[in-house]
Every structure is written in C-alpha cells, then in structure tokens.
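With PDB, C-alpha atoms, pLDDT in the B column inside, this is run_21.pdb:
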```pdb
ATOM      1  CA  MET A1219      18.505  -8.882  63.330  1.00 82.00           C
ATOM      2  CA  ILE A1220      15.391 -11.063  63.608  1.00 85.00           C
ATOM      3  CA  SER A1221      13.286  -8.011  64.427  1.00 90.00           C
ATOM      4  CA  LEU A1222      14.585  -6.161  61.347  1.00 93.00           C
ATOM      5  CA  ASN A1223      13.953  -9.261  59.216  1.00 93.00           C
ATOM      6  CA  HIS A1224      10.344  -9.356  60.449  1.00 93.00           C
ATOM      7  CA  GLN A1225       9.874  -5.607  59.924  1.00 94.00           C
ATOM      8  CA  ILE A1226      11.095  -5.738  56.328  1.00 94.00           C
ATOM      9  CA  PHE A1227       8.956  -8.830  55.723  1.00 94.00           C
ATOM     10  CA  LEU A1228       5.838  -7.026  56.986  1.00 92.00           C
ATOM     11  CA  ALA A1229       6.635  -3.981  54.817  1.00 93.00           C
ATOM     12  CA  VAL A1230       6.876  -6.116  51.633  1.00 94.00           C
ATOM     13  CA  ASN A1231       4.195  -8.731  52.429  1.00 93.00           C
ATOM     14  CA  ALA A1232       0.790  -8.194  50.770  1.00 92.00           C
ATOM     15  CA  SER A1233      -1.560  -6.080  52.820  1.00 91.00           C
ATOM     16  CA  ASP A1234      -5.322  -6.523  52.870  1.00 90.00           C
ATOM     17  CA  ALA A1235      -5.470  -3.604  50.423  1.00 91.00           C
ATOM     18  CA  ALA A1236      -3.295  -5.354  47.806  1.00 93.00           C
ATOM     19  CA  SER A1237      -4.914  -5.280  44.376  1.00 94.00           C
ATOM     20  CA  PRO A1238      -6.044  -8.532  42.736  1.00 94.00           C
ATOM     21  CA  PHE A1239      -3.452  -7.936  40.014  1.00 96.00           C
ATOM     22  CA  ALA A1240      -0.643  -7.595  42.586  1.00 95.00           C
ATOM     23  CA  VAL A1241      -1.785 -10.804  44.281  1.00 95.00           C
ATOM     24  CA  TRP A1242      -1.880 -12.622  40.916  1.00 96.00           C
ATOM     25  CA  ALA A1243       1.543 -11.222  39.896  1.00 96.00           C
ATOM     26  CA  GLY A1244       3.043 -12.219  43.235  1.00 96.00           C
ATOM     27  CA  ALA A1245       1.701 -15.756  42.975  1.00 95.00           C
ATOM     28  CA  MET A1246       2.962 -16.150  39.390  1.00 97.00           C
ATOM     29  CA  LEU A1247       6.395 -14.643  40.077  1.00 96.00           C
ATOM     30  CA  ALA A1248       6.749 -16.898  43.118  1.00 95.00           C
ATOM     31  CA  GLU A1249       6.680 -20.001  40.895  1.00 94.00           C
ATOM     32  CA  TRP A1250       7.069 -19.370  37.130  1.00 96.00           C
ATOM     33  CA  PRO A1251      10.622 -17.952  36.965  1.00 96.00           C
ATOM     34  CA  VAL A1252      12.183 -21.339  37.758  1.00 96.00           C
ATOM     35  CA  GLY A1253      10.809 -22.901  34.558  1.00 96.00           C
ATOM     36  CA  ILE A1254      11.609 -19.800  32.523  1.00 97.00           C
ATOM     37  CA  ALA A1255      15.204 -19.810  33.821  1.00 97.00           C
ATOM     38  CA  MET A1256      15.631 -23.459  32.878  1.00 96.00           C
ATOM     39  CA  LEU A1257      14.554 -22.696  29.303  1.00 97.00           C
ATOM     40  CA  LEU A1258      16.880 -19.686  29.169  1.00 96.00           C
ATOM     41  CA  ALA A1259      19.819 -21.756  30.450  1.00 95.00           C
ATOM     42  CA  LEU A1260      19.129 -24.332  27.756  1.00 95.00           C
ATOM     43  CA  LEU A1261      19.089 -21.531  25.183  1.00 94.00           C
ATOM     44  CA  ALA A1262      22.421 -20.220  26.509  1.00 94.00           C
ATOM     45  CA  VAL A1263      23.976 -23.681  26.189  1.00 93.00           C
ATOM     46  CA  VAL A1264      22.617 -24.287  22.681  1.00 93.00           C
ATOM     47  CA  ARG A1265      23.948 -20.902  21.493  1.00 91.00           C
ATOM     48  CA  GLN A1266      27.535 -21.682  22.563  1.00 88.00           C
ATOM     49  CA  LYS A1267      30.054 -22.544  19.853  1.00 86.00           C
ATOM     50  CA  PRO A1268      32.082 -24.748  19.573  1.00 86.00           C
ATOM     51  CA  ARG A1269      30.364 -27.795  21.016  1.00 85.00           C
ATOM     52  CA  GLY A1270      33.005 -28.255  23.733  1.00 85.00           C
ATOM     53  CA  VAL A1271      32.219 -24.819  25.149  1.00 85.00           C
ATOM     54  CA  ALA A1272      28.508 -25.673  25.196  1.00 89.00           C
ATOM     55  CA  VAL A1273      29.180 -28.921  27.078  1.00 90.00           C
ATOM     56  CA  ALA A1274      31.419 -27.080  29.558  1.00 89.00           C
ATOM     57  CA  LEU A1275      28.702 -24.462  30.162  1.00 92.00           C
ATOM     58  CA  ALA A1276      26.060 -27.149  30.662  1.00 94.00           C
ATOM     59  CA  LEU A1277      28.324 -28.923  33.120  1.00 93.00           C
ATOM     60  CA  ARG A1278      29.101 -25.668  34.957  1.00 94.00           C
ATOM     61  CA  VAL A1279      25.386 -24.856  35.292  1.00 96.00           C
ATOM     62  CA  VAL A1280      24.438 -28.350  36.465  1.00 96.00           C
ATOM     63  CA  LEU A1281      27.293 -28.529  38.980  1.00 96.00           C
ATOM     64  CA  THR A1282      26.665 -25.034  40.338  1.00 97.00           C
ATOM     65  CA  VAL A1283      22.964 -25.728  40.797  1.00 98.00           C
ATOM     66  CA  ALA A1284      23.710 -29.117  42.377  1.00 98.00           C
ATOM     67  CA  VAL A1285      26.274 -27.718  44.822  1.00 98.00           C
ATOM     68  CA  SER A1286      24.099 -24.747  45.793  1.00 98.00           C
ATOM     69  CA  MET A1287      20.889 -26.776  46.159  1.00 98.00           C
ATOM     70  CA  GLY A1288      22.724 -29.495  48.085  1.00 98.00           C
ATOM     71  CA  SER A1289      24.201 -26.870  50.390  1.00 97.00           C
ATOM     72  CA  ALA A1290      20.808 -25.226  50.883  1.00 97.00           C
ATOM     73  CA  CYS A1291      19.218 -28.590  51.730  1.00 97.00           C
ATOM     74  CA  LEU A1292      21.988 -29.336  54.233  1.00 97.00           C
ATOM     75  CA  ILE A1293      21.487 -25.941  55.867  1.00 97.00           C
ATOM     76  CA  ARG A1294      17.752 -26.608  56.126  1.00 96.00           C
ATOM     77  CA  MET A1295      18.382 -30.073  57.533  1.00 95.00           C
ATOM     78  CA  PHE A1296      20.406 -28.708  60.443  1.00 96.00           C
ATOM     79  CA  HIS A1297      18.779 -25.296  60.939  1.00 94.00           C
ATOM     80  CA  TYR A1298      15.001 -24.961  61.151  1.00 94.00           C
ATOM     81  CA  ASN A1299      13.721 -21.449  60.594  1.00 93.00           C
ATOM     82  CA  PRO A1300       9.919 -21.241  60.781  1.00 93.00           C
ATOM     83  CA  ARG A1301       8.159 -19.595  57.869  1.00 94.00           C
ATOM     84  CA  PRO A1302       6.292 -16.348  58.556  1.00 94.00           C
ATOM     85  CA  PHE A1303       2.853 -17.983  58.430  1.00 93.00           C
ATOM     86  CA  VAL A1304       3.949 -20.546  61.044  1.00 93.00           C
ATOM     87  CA  LEU A1305       4.514 -17.629  63.428  1.00 92.00           C
ATOM     88  CA  GLY A1306       1.295 -15.912  62.368  1.00 91.00           C
ATOM     89  CA  LEU A1307       3.176 -13.056  60.661  1.00 93.00           C
ATOM     90  CA  GLY A1308       1.648 -11.305  57.672  1.00 92.00           C
ATOM     91  CA  ARG A1309      -0.583 -12.787  55.024  1.00 92.00           C
ATOM     92  CA  MET A1310      -0.004 -16.066  53.182  1.00 91.00           C
ATOM     93  CA  LEU A1311      -1.346 -16.022  49.618  1.00 91.00           C
ATOM     94  CA  ILE A1312      -0.121 -19.382  48.282  1.00 91.00           C
ATOM     95  CA  ALA A1313      -0.301 -22.802  49.859  1.00 90.00           C
ATOM     96  CA  HIS A1314       2.954 -23.993  51.380  1.00 93.00           C
ATOM     97  CA  ASP A1315       4.117 -26.653  53.809  1.00 94.00           C
ATOM     98  CA  PRO A1316       5.610 -25.423  57.107  1.00 92.00           C
ATOM     99  CA  THR A1317       9.148 -26.502  56.148  1.00 93.00           C
ATOM    100  CA  SER A1318      12.241 -24.502  57.070  1.00 93.00           C
ATOM    101  CA  SER A1319      12.442 -21.226  55.201  1.00 93.00           C
ATOM    102  CA  PHE A1320      16.194 -20.577  55.252  1.00 95.00           C
ATOM    103  CA  PRO A1321      17.542 -20.376  52.595  1.00 96.00           C
ATOM    104  CA  SER A1322      14.883 -20.114  49.896  1.00 96.00           C
ATOM    105  CA  LEU A1323      15.234 -23.028  47.473  1.00 97.00           C
ATOM    106  CA  HIS A1324      13.547 -21.114  44.631  1.00 97.00           C
ATOM    107  CA  ALA A1325      15.954 -18.193  44.974  1.00 98.00           C
ATOM    108  CA  THR A1326      18.956 -20.497  45.482  1.00 98.00           C
ATOM    109  CA  PHE A1327      18.114 -22.294  42.240  1.00 98.00           C
ATOM    110  CA  LEU A1328      17.661 -19.093  40.235  1.00 98.00           C
ATOM    111  CA  PHE A1329      20.722 -17.293  41.578  1.00 98.00           C
ATOM    112  CA  SER A1330      22.971 -20.347  41.169  1.00 98.00           C
ATOM    113  CA  MET A1331      21.895 -20.664  37.565  1.00 97.00           C
ATOM    114  CA  ALA A1332      22.468 -16.945  36.995  1.00 97.00           C
ATOM    115  CA  PHE A1333      25.949 -17.010  38.557  1.00 97.00           C
ATOM    116  CA  ALA A1334      26.964 -20.066  36.532  1.00 96.00           C
ATOM    117  CA  LEU A1335      25.839 -18.386  33.298  1.00 96.00           C
ATOM    118  CA  LEU A1336      27.478 -15.104  34.289  1.00 94.00           C
ATOM    119  CA  LEU A1337      30.893 -16.782  34.367  1.00 89.00           C
ATOM    120  CA  GLN A1338      30.678 -17.805  30.691  1.00 86.00           C
ATOM    121  CA  LYS A1339      31.356 -15.344  27.893  1.00 85.00           C
ATOM    122  CA  GLY A1340      28.439 -15.328  25.472  1.00 86.00           C
ATOM    123  CA  SER A1341      25.796 -16.109  28.083  1.00 91.00           C
ATOM    124  CA  ARG A1342      26.018 -12.999  30.261  1.00 93.00           C
ATOM    125  CA  GLY A1343      22.922 -11.346  28.808  1.00 94.00           C
ATOM    126  CA  ILE A1344      20.848 -14.394  29.647  1.00 96.00           C
ATOM    127  CA  ALA A1345      22.569 -14.535  33.054  1.00 96.00           C
ATOM    128  CA  LEU A1346      21.482 -10.988  33.842  1.00 97.00           C
ATOM    129  CA  PHE A1347      17.910 -11.795  32.804  1.00 97.00           C
ATOM    130  CA  VAL A1348      17.914 -14.876  35.052  1.00 97.00           C
ATOM    131  CA  MET A1349      19.291 -12.690  37.866  1.00 97.00           C
ATOM    132  CA  LEU A1350      16.366 -10.296  37.313  1.00 97.00           C
ATOM    133  CA  LEU A1351      13.982 -13.259  37.469  1.00 97.00           C
ATOM    134  CA  GLY A1352      15.643 -14.162  40.767  1.00 97.00           C
ATOM    135  CA  GLY A1353      15.064 -10.627  42.032  1.00 97.00           C
ATOM    136  CA  ALA A1354      11.407 -10.792  41.010  1.00 97.00           C
ATOM    137  CA  THR A1355      11.075 -14.121  42.799  1.00 97.00           C
ATOM    138  CA  VAL A1356      12.654 -12.630  45.924  1.00 97.00           C
ATOM    139  CA  TRP A1357       9.986  -9.905  45.996  1.00 97.00           C
ATOM    140  CA  ALA A1358       7.185 -12.325  45.138  1.00 97.00           C
ATOM    141  CA  ARG A1359       7.961 -14.980  47.746  1.00 97.00           C
ATOM    142  CA  ILE A1360       8.093 -12.334  50.462  1.00 97.00           C
ATOM    143  CA  PHE A1361       4.959 -10.651  49.090  1.00 96.00           C
ATOM    144  CA  VAL A1362       2.969 -13.911  49.141  1.00 96.00           C
ATOM    145  CA  GLY A1363       4.092 -14.620  52.700  1.00 94.00           C
ATOM    146  CA  VAL A1364       6.300 -17.705  52.479  1.00 95.00           C
ATOM    147  CA  HIS A1365       9.802 -16.214  52.986  1.00 96.00           C
ATOM    148  CA  TYR A1366      11.686 -13.575  54.938  1.00 96.00           C
ATOM    149  CA  PRO A1367      14.224 -11.194  53.376  1.00 97.00           C
ATOM    150  CA  LEU A1368      17.101 -13.011  55.126  1.00 97.00           C
ATOM    151  CA  ASP A1369      15.994 -16.278  53.510  1.00 97.00           C
ATOM    152  CA  MET A1370      16.632 -14.592  50.196  1.00 97.00           C
ATOM    153  CA  ALA A1371      19.970 -13.109  51.243  1.00 97.00           C
ATOM    154  CA  GLY A1372      21.013 -16.597  52.374  1.00 97.00           C
ATOM    155  CA  ALA A1373      19.974 -18.009  49.001  1.00 98.00           C
ATOM    156  CA  PHE A1374      21.987 -15.359  47.158  1.00 98.00           C
ATOM    157  CA  LEU A1375      25.080 -16.024  49.280  1.00 98.00           C
ATOM    158  CA  THR A1376      24.731 -19.826  49.007  1.00 98.00           C
ATOM    159  CA  ALA A1377      24.452 -19.591  45.213  1.00 98.00           C
ATOM    160  CA  CYS A1378      27.367 -17.172  44.949  1.00 97.00           C
ATOM    161  CA  LEU A1379      29.651 -19.376  47.051  1.00 97.00           C
ATOM    162  CA  ALA A1380      28.665 -22.463  45.058  1.00 97.00           C
ATOM    163  CA  ALA A1381      29.430 -20.681  41.782  1.00 96.00           C
ATOM    164  CA  VAL A1382      32.820 -19.549  43.089  1.00 96.00           C
ATOM    165  CA  ALA A1383      33.640 -23.097  44.260  1.00 96.00           C
ATOM    166  CA  VAL A1384      32.608 -24.688  40.954  1.00 95.00           C
ATOM    167  CA  ASN A1385      34.464 -22.014  38.965  1.00 92.00           C
ATOM    168  CA  PHE A1386      37.574 -22.643  41.084  1.00 92.00           C
ATOM    169  CA  CYS A1387      37.327 -26.366  40.282  1.00 91.00           C
ATOM    170  CA  PHE A1388      36.909 -25.601  36.572  1.00 87.00           C
ATOM    171  CA  GLN A1389      39.957 -23.334  36.629  1.00 86.00           C
ATOM    172  CA  ARG A1390      42.021 -25.936  38.499  1.00 85.00           C
ATOM    173  CA  ALA A1391      40.945 -28.696  36.106  1.00 82.00           C
ATOM    174  CA  ARG A1392      41.764 -26.562  33.106  1.00 75.00           C
ATOM    175  CA  GLY A1393      45.133 -25.538  34.558  1.00 67.00           C
ATOM    176  CA  GLY A1394      45.970 -29.129  35.507  1.00 56.00           C
ATOM    177  CA  TRP A1395      45.129 -30.331  32.001  1.00 49.00           C
ATOM    178  CA  ALA A1396      47.275 -27.615  30.443  1.00 42.00           C
ATOM    179  CA  VAL A1397      50.293 -28.532  32.553  1.00 40.00           C
ATOM    180  CA  LYS A1398      49.963 -32.236  31.699  1.00 46.00           C
ATOM    181  CA  ASN A1399      49.861 -31.420  27.984  1.00 42.00           C
ATOM    182  CA  GLY A1400      52.931 -29.233  27.796  1.00 41.00           C
ATOM    183  CA  GLY A1401      51.186 -25.992  28.663  1.00 41.00           C
ATOM    184  CA  ALA A1402      48.872 -26.000  25.644  1.00 43.00           C
ATOM    185  CA  ARG A1403      45.389 -24.669  26.310  1.00 47.00           C
ATOM    186  CA  GLY A1404      42.454 -26.241  24.514  1.00 45.00           C
TER
END
```

Please go through the file and, once you have read it, give me the structure as structure tokens.
Amino acid sequence: MISLNHQIFLAVNASDAASPFAVWAGAMLAEWPVGIAMLLALLAVVRQKPRGVAVALALRVVLTVAVSMGSACLIRMFHYNPRPFVLGLGRMLIAHDPTSSFPSLHATFLFSMAFALLLQKGSRGIALFVMLLGGATVWARIFVGVHYPLDMAGAFLTACLAAVAVNFCFQRARGGWAVKNGGARG
C-alpha cells in the first residue's frame, strides 16, 4: 500500500517540466480554498430561513469541523507519517514544516465543512462547491509536494465520519426534544 501511495504521489507531484502557471495554480489551490470555503459557509448560514434553521446549520458546521479537526489532530499525535519531502520524494514547491502528514488538515477542514453543509436542505449547492474546492486542494497539496494521496483519503474519511457522528447527535437531540414535548416537532 505504501508503494502504491508513493507511486501515485510521484505521478501527481509537479515535475521539473511543470509550467509556471501550474506551479502558481498548485500553490494557490493548496491554501486559498480554506478561506473561500469559510466565506461560502457563512453565506449558506445567512441564507437559511427561519433564524432557528440558520443557527442549527451554523452549529452543525462548527461541531462537524471541530470533531473532524480534533480527530485529525489526535491521529497525528499518535501516528507520525513523514511528509514526502522528508523522505526526499518528489518536488516540494511550498514551504512546510516536517510535521505528520496523515491526515491532511486542509482537506479535513474542507471536507468536514462540505459534509456538514450537504446535510442541510438549502445549502447543498454551496456544499457541492466546497466539496469541489476540497478536491482541488487534494490535487494541489499533492502537486506541491506536501501530502500523499492516502493523507487525502484519510482526511475525507475523517470528515465523513465526523459529519455522520454530529448528524446522529442532531437527530437524537431533535428526537429527544420531540418526545419530551408530546411528539411535536419544531
């Protein structure tokens, strides 16, 4: 599995023949989508009506991101996976500390935000756009030499599991509230 991970990394990573535009695009897509996704999530929350739905969406997004990022940090704390440049693999195009690479925090953040938005009616279009930003970041962070493909798969899975866990809690809380109030749903 490690050999395949390295082979795919080397196939996607920027070669010496990469155009200046590709290098610039890779560097920008490795960083910018996080800020763009935050603005889009804010837009999704502001567009929700009534106000209670907007607050619930904001809470769902914050909790999903917190659970996924916390989980990713715990994984990194107990499992060190050297970045490609630490092993001398490929080309590194952006400066980065030699911290653990698994899972990618950038991708975890983007995918957790996308999954949280995807679970709310009225924000699915924005969710799909944030998911596309996550996909672009996956390519970019491999292209610039700071992550492996499995780092990105781990980020996707971590974010998905966090979204499922938070959604389960939301459903349980909503169901518990309905039972306490005579079955009425608010």

Might you spell out which residues the PyMOL selection byres ((chain A and resi 1246) around 12) would select in the displayed file, as an mmCIF file with C-alpha atoms, in the coordinates of the input?
```cif
data_model
loop_
_atom_site.group_PDB
_atom_site.id
_atom_site.type_symbol
_atom_site.label_atom_id
_atom_site.label_comp_id
_atom_site.auth_asym_id
_atom_site.auth_seq_id
_atom_site.Cartn_x
_atom_site.Cartn_y
_atom_site.Cartn_z
ATOM 1 C CA PHE A 1239 -3.452 -7.936 40.014
ATOM 2 C CA ALA A 1240 -0.643 -7.595 42.586
ATOM 3 C CA VAL A 1241 -1.785 -10.804 44.281
ATOM 4 C CA TRP A 1242 -1.880 -12.622 40.916
ATOM 5 C CA ALA A 1243 1.543 -11.222 39.896
ATOM 6 C CA GLY A 1244 3.043 -12.219 43.235
ATOM 7 C CA ALA A 1245 1.701 -15.756 42.975
ATOM 8 C CA LEU A 1247 6.395 -14.643 40.077
ATOM 9 C CA ALA A 1248 6.749 -16.898 43.118
ATOM 10 C CA GLU A 1249 6.680 -20.001 40.895
ATOM 11 C CA TRP A 1250 7.069 -19.370 37.130
ATOM 12 C CA PRO A 1251 10.622 -17.952 36.965
ATOM 13 C CA VAL A 1252 12.183 -21.339 37.758
ATOM 14 C CA GLY A 1253 10.809 -22.901 34.558
ATOM 15 C CA ILE A 1254 11.609 -19.800 32.523
ATOM 16 C CA LEU A 1311 -1.346 -16.022 49.618
ATOM 17 C CA ILE A 1312 -0.121 -19.382 48.282
ATOM 18 C CA LEU A 1351 13.982 -13.259 37.469
ATOM 19 C CA ALA A 1354 11.407 -10.792 41.010
ATOM 20 C CA THR A 1355 11.075 -14.121 42.799
ATOM 21 C CA TRP A 1357 9.986 -9.905 45.996
ATOM 22 C CA ALA A 1358 7.185 -12.325 45.138
ATOM 23 C CA ARG A 1359 7.961 -14.980 47.746
ATOM 24 C CA PHE A 1361 4.959 -10.651 49.090
ATOM 25 C CA VAL A 1362 2.969 -13.911 49.141
#
```

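In this comparison, which uses all atoms listed in the file, the residue of A:Ala1313, A:Ile1293, A:Gly1340, A:Gly1352 approaching Pro1268 of chain A most closely is A:Gly1340.
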
- In terms of all atoms listed in the file, the residue from A:Ala1255, A:Leu1335, A:Leu1307, A:Cys1387 at minimal distance from Ser1221 of chain A is A:Leu1307

- Task: List the neighbours of Phe1296 of chain A out to 12 Å using all atoms listed in the file; skip same-chain residues closer than 5 positions along the sequence, and give me the result as JSON, numbers by chain.
- Result: {"A": [1289, 1290, 1291, 1318, 1320, 1321]}

- Expressed in Å, the length from atom CA of Met1370 of chain A to atom CA of Asp1234 of chain A is 23.5 Å

- Task: Evaluate the PyMOL selection byres ((chain A and resi 1223-1230) around 8) here and jot the selected residues down as a list in words.
- Result: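 Evaluating the PyMOL selection byres ((chain A and resi 1223-1230) around 8) on this file yields Met1219, Ile1220, Ser1221, Leu1222, Asn1231, Ala1232, Leu1307, Gly1308, Trp1357, Ile1360, Phe1361, His1365, Tyr1366, Pro1367 and Leu1368 of chain A.
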
- Query: Distance atom CA of Ser1233 of chain A-atom CA of Asp1315 of chain A, one decimal place?
  - Reply: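 Interatomic distance, atom CA of Ser1233 of chain A to atom CA of Asp1315 of chain A: 21.4 Å.
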
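From atom CA of Leu1281 of chain A back to atom CA of Ala1262 of chain A, the distance works out to 15.8 Å.
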
- With only C-alpha atoms as the atoms that count, which of A:Arg1392, A:Val1356, A:Val1283, A:Met1331 lies nearest to Ile1344 of chain A?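 The closest residue to Ile1344 of chain A is A:Met1331.
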
- Query: Using only C-alpha atoms, which residue out of A:Val1384, A:Val1364, A:Ala1371, A:Cys1378 lies closest to Leu1305 of chain A?
  - Reply: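 Ranked by minimum distance to Leu1305 of chain A, first place goes to A:Val1364.
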
Report the residues retrieved by the PyMOL selection byres ((chain A and resi 1279) around 9) from the displayed file, expressed as a short mmCIF file (atom, residue, chain, number, x, y, z; two decimals) with C-alpha atoms, in the coordinates of the input.
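So the final result, stored in out_9.cif, reads:
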```cif
data_model
loop_
_atom_site.label_atom_id
_atom_site.label_comp_id
_atom_site.auth_asym_id
_atom_site.auth_seq_id
_atom_site.Cartn_x
_atom_site.Cartn_y
_atom_site.Cartn_z
CA ALA A 1259 19.82 -21.76 30.45
CA ALA A 1274 31.42 -27.08 29.56
CA LEU A 1275 28.70 -24.46 30.16
CA ALA A 1276 26.06 -27.15 30.66
CA LEU A 1277 28.32 -28.92 33.12
CA ARG A 1278 29.10 -25.67 34.96
CA VAL A 1280 24.44 -28.35 36.47
CA LEU A 1281 27.29 -28.53 38.98
CA THR A 1282 26.66 -25.03 40.34
CA VAL A 1283 22.96 -25.73 40.80
CA ALA A 1284 23.71 -29.12 42.38
CA SER A 1330 22.97 -20.35 41.17
CA MET A 1331 21.90 -20.66 37.56
CA ALA A 1332 22.47 -16.94 36.99
CA PHE A 1333 25.95 -17.01 38.56
CA ALA A 1334 26.96 -20.07 36.53
CA LEU A 1335 25.84 -18.39 33.30
CA ALA A 1381 29.43 -20.68 41.78
#
```

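Shortest separation to Arg1301 of chain A among A:Val1264, A:Asp1369, A:Gly1353, A:Met1256 occurs at residue A:Asp1369, atoms counted being all atoms listed in the file.
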
To box segment 1372-1389 of chain A, take all atoms listed in the file, fit an axis-aligned box, add 5 Å on each side, and give centre and edge lengths in Å to one decimal, as AutoDock Vina command-line options.
```
--center_x 30.0 --center_y -20.9 --center_z 44.5 --size_x 30.0 --size_y 21.0 --size_z 25.8
```

- Tell me which of A:Gly1306, A:Arg1342, A:Met1295, A:Thr1376 sits closest to Phe1329 of chain A, counting all atoms listed in the file. A:Thr1376

Can you sort out segment 1243-1263 of chain A so it carries N, CA, C and O atoms, written as a short mmCIF file (atom, residue, chain, number, x, y, z; two decimals), in the coordinates of the input?
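Output contents, as saved in part.cif:
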```
data_model
loop_
_atom_site.label_atom_id
_atom_site.label_comp_id
_atom_site.auth_asym_id
_atom_site.auth_seq_id
_atom_site.Cartn_x
_atom_site.Cartn_y
_atom_site.Cartn_z
N ALA A 1243 0.14 -11.37 40.32
CA ALA A 1243 1.54 -11.22 39.90
C ALA A 1243 2.48 -11.84 40.93
O ALA A 1243 3.44 -12.54 40.56
N GLY A 1244 2.21 -11.63 42.19
CA GLY A 1244 3.04 -12.22 43.24
C GLY A 1244 3.01 -13.73 43.19
O GLY A 1244 4.05 -14.39 43.29
N ALA A 1245 1.83 -14.29 43.03
CA ALA A 1245 1.70 -15.76 42.98
C ALA A 1245 2.42 -16.32 41.75
O ALA A 1245 3.09 -17.36 41.84
N MET A 1246 2.30 -15.66 40.61
CA MET A 1246 2.96 -16.15 39.39
C MET A 1246 4.49 -16.01 39.49
O MET A 1246 5.22 -16.93 39.13
N LEU A 1247 4.95 -14.87 39.98
CA LEU A 1247 6.40 -14.64 40.08
C LEU A 1247 7.03 -15.48 41.19
O LEU A 1247 8.25 -15.63 41.22
N ALA A 1248 6.22 -16.02 42.07
CA ALA A 1248 6.75 -16.90 43.12
C ALA A 1248 7.08 -18.28 42.57
O ALA A 1248 7.86 -19.01 43.18
N GLU A 1249 6.50 -18.65 41.43
CA GLU A 1249 6.68 -20.00 40.90
C GLU A 1249 7.26 -20.06 39.47
O GLU A 1249 8.15 -20.83 39.20
N TRP A 1250 6.73 -19.27 38.56
CA TRP A 1250 7.07 -19.37 37.13
C TRP A 1250 8.53 -19.13 36.77
O TRP A 1250 9.03 -19.77 35.83
N PRO A 1251 9.25 -18.22 37.41
CA PRO A 1251 10.62 -17.95 36.97
C PRO A 1251 11.56 -19.16 36.94
O PRO A 1251 12.49 -19.19 36.15
N VAL A 1252 11.31 -20.16 37.76
CA VAL A 1252 12.18 -21.34 37.76
C VAL A 1252 12.13 -22.03 36.39
O VAL A 1252 13.17 -22.34 35.80
N GLY A 1253 10.95 -22.27 35.87
CA GLY A 1253 10.81 -22.90 34.56
C GLY A 1253 11.35 -22.03 33.44
O GLY A 1253 12.01 -22.52 32.52
N ILE A 1254 11.10 -20.73 33.53
CA ILE A 1254 11.61 -19.80 32.52
C ILE A 1254 13.14 -19.81 32.52
O ILE A 1254 13.77 -19.85 31.47
N ALA A 1255 13.74 -19.80 33.71
CA ALA A 1255 15.20 -19.81 33.82
C ALA A 1255 15.79 -21.09 33.25
O ALA A 1255 16.86 -21.05 32.61
N MET A 1256 15.13 -22.20 33.45
CA MET A 1256 15.63 -23.46 32.88
C MET A 1256 15.64 -23.40 31.36
O MET A 1256 16.60 -23.84 30.72
N LEU A 1257 14.59 -22.84 30.76
CA LEU A 1257 14.55 -22.70 29.30
C LEU A 1257 15.64 -21.73 28.82
O LEU A 1257 16.29 -21.99 27.80
N LEU A 1258 15.85 -20.65 29.55
CA LEU A 1258 16.88 -19.69 29.17
C LEU A 1258 18.28 -20.29 29.28
O LEU A 1258 19.14 -20.03 28.43
N ALA A 1259 18.51 -21.10 30.31
CA ALA A 1259 19.82 -21.76 30.45
C ALA A 1259 20.05 -22.72 29.29
O ALA A 1259 21.16 -22.79 28.74
N LEU A 1260 19.02 -23.43 28.91
CA LEU A 1260 19.13 -24.33 27.76
C LEU A 1260 19.45 -23.54 26.49
O LEU A 1260 20.32 -23.94 25.71
N LEU A 1261 18.80 -22.40 26.32
CA LEU A 1261 19.09 -21.53 25.18
C LEU A 1261 20.54 -21.06 25.21
O LEU A 1261 21.22 -21.06 24.17
N ALA A 1262 21.03 -20.67 26.39
CA ALA A 1262 22.42 -20.22 26.51
C ALA A 1262 23.40 -21.32 26.12
O ALA A 1262 24.39 -21.07 25.45
N VAL A 1263 23.10 -22.55 26.52
CA VAL A 1263 23.98 -23.68 26.19
C VAL A 1263 23.95 -23.95 24.69
O VAL A 1263 24.99 -24.13 24.06
#
```
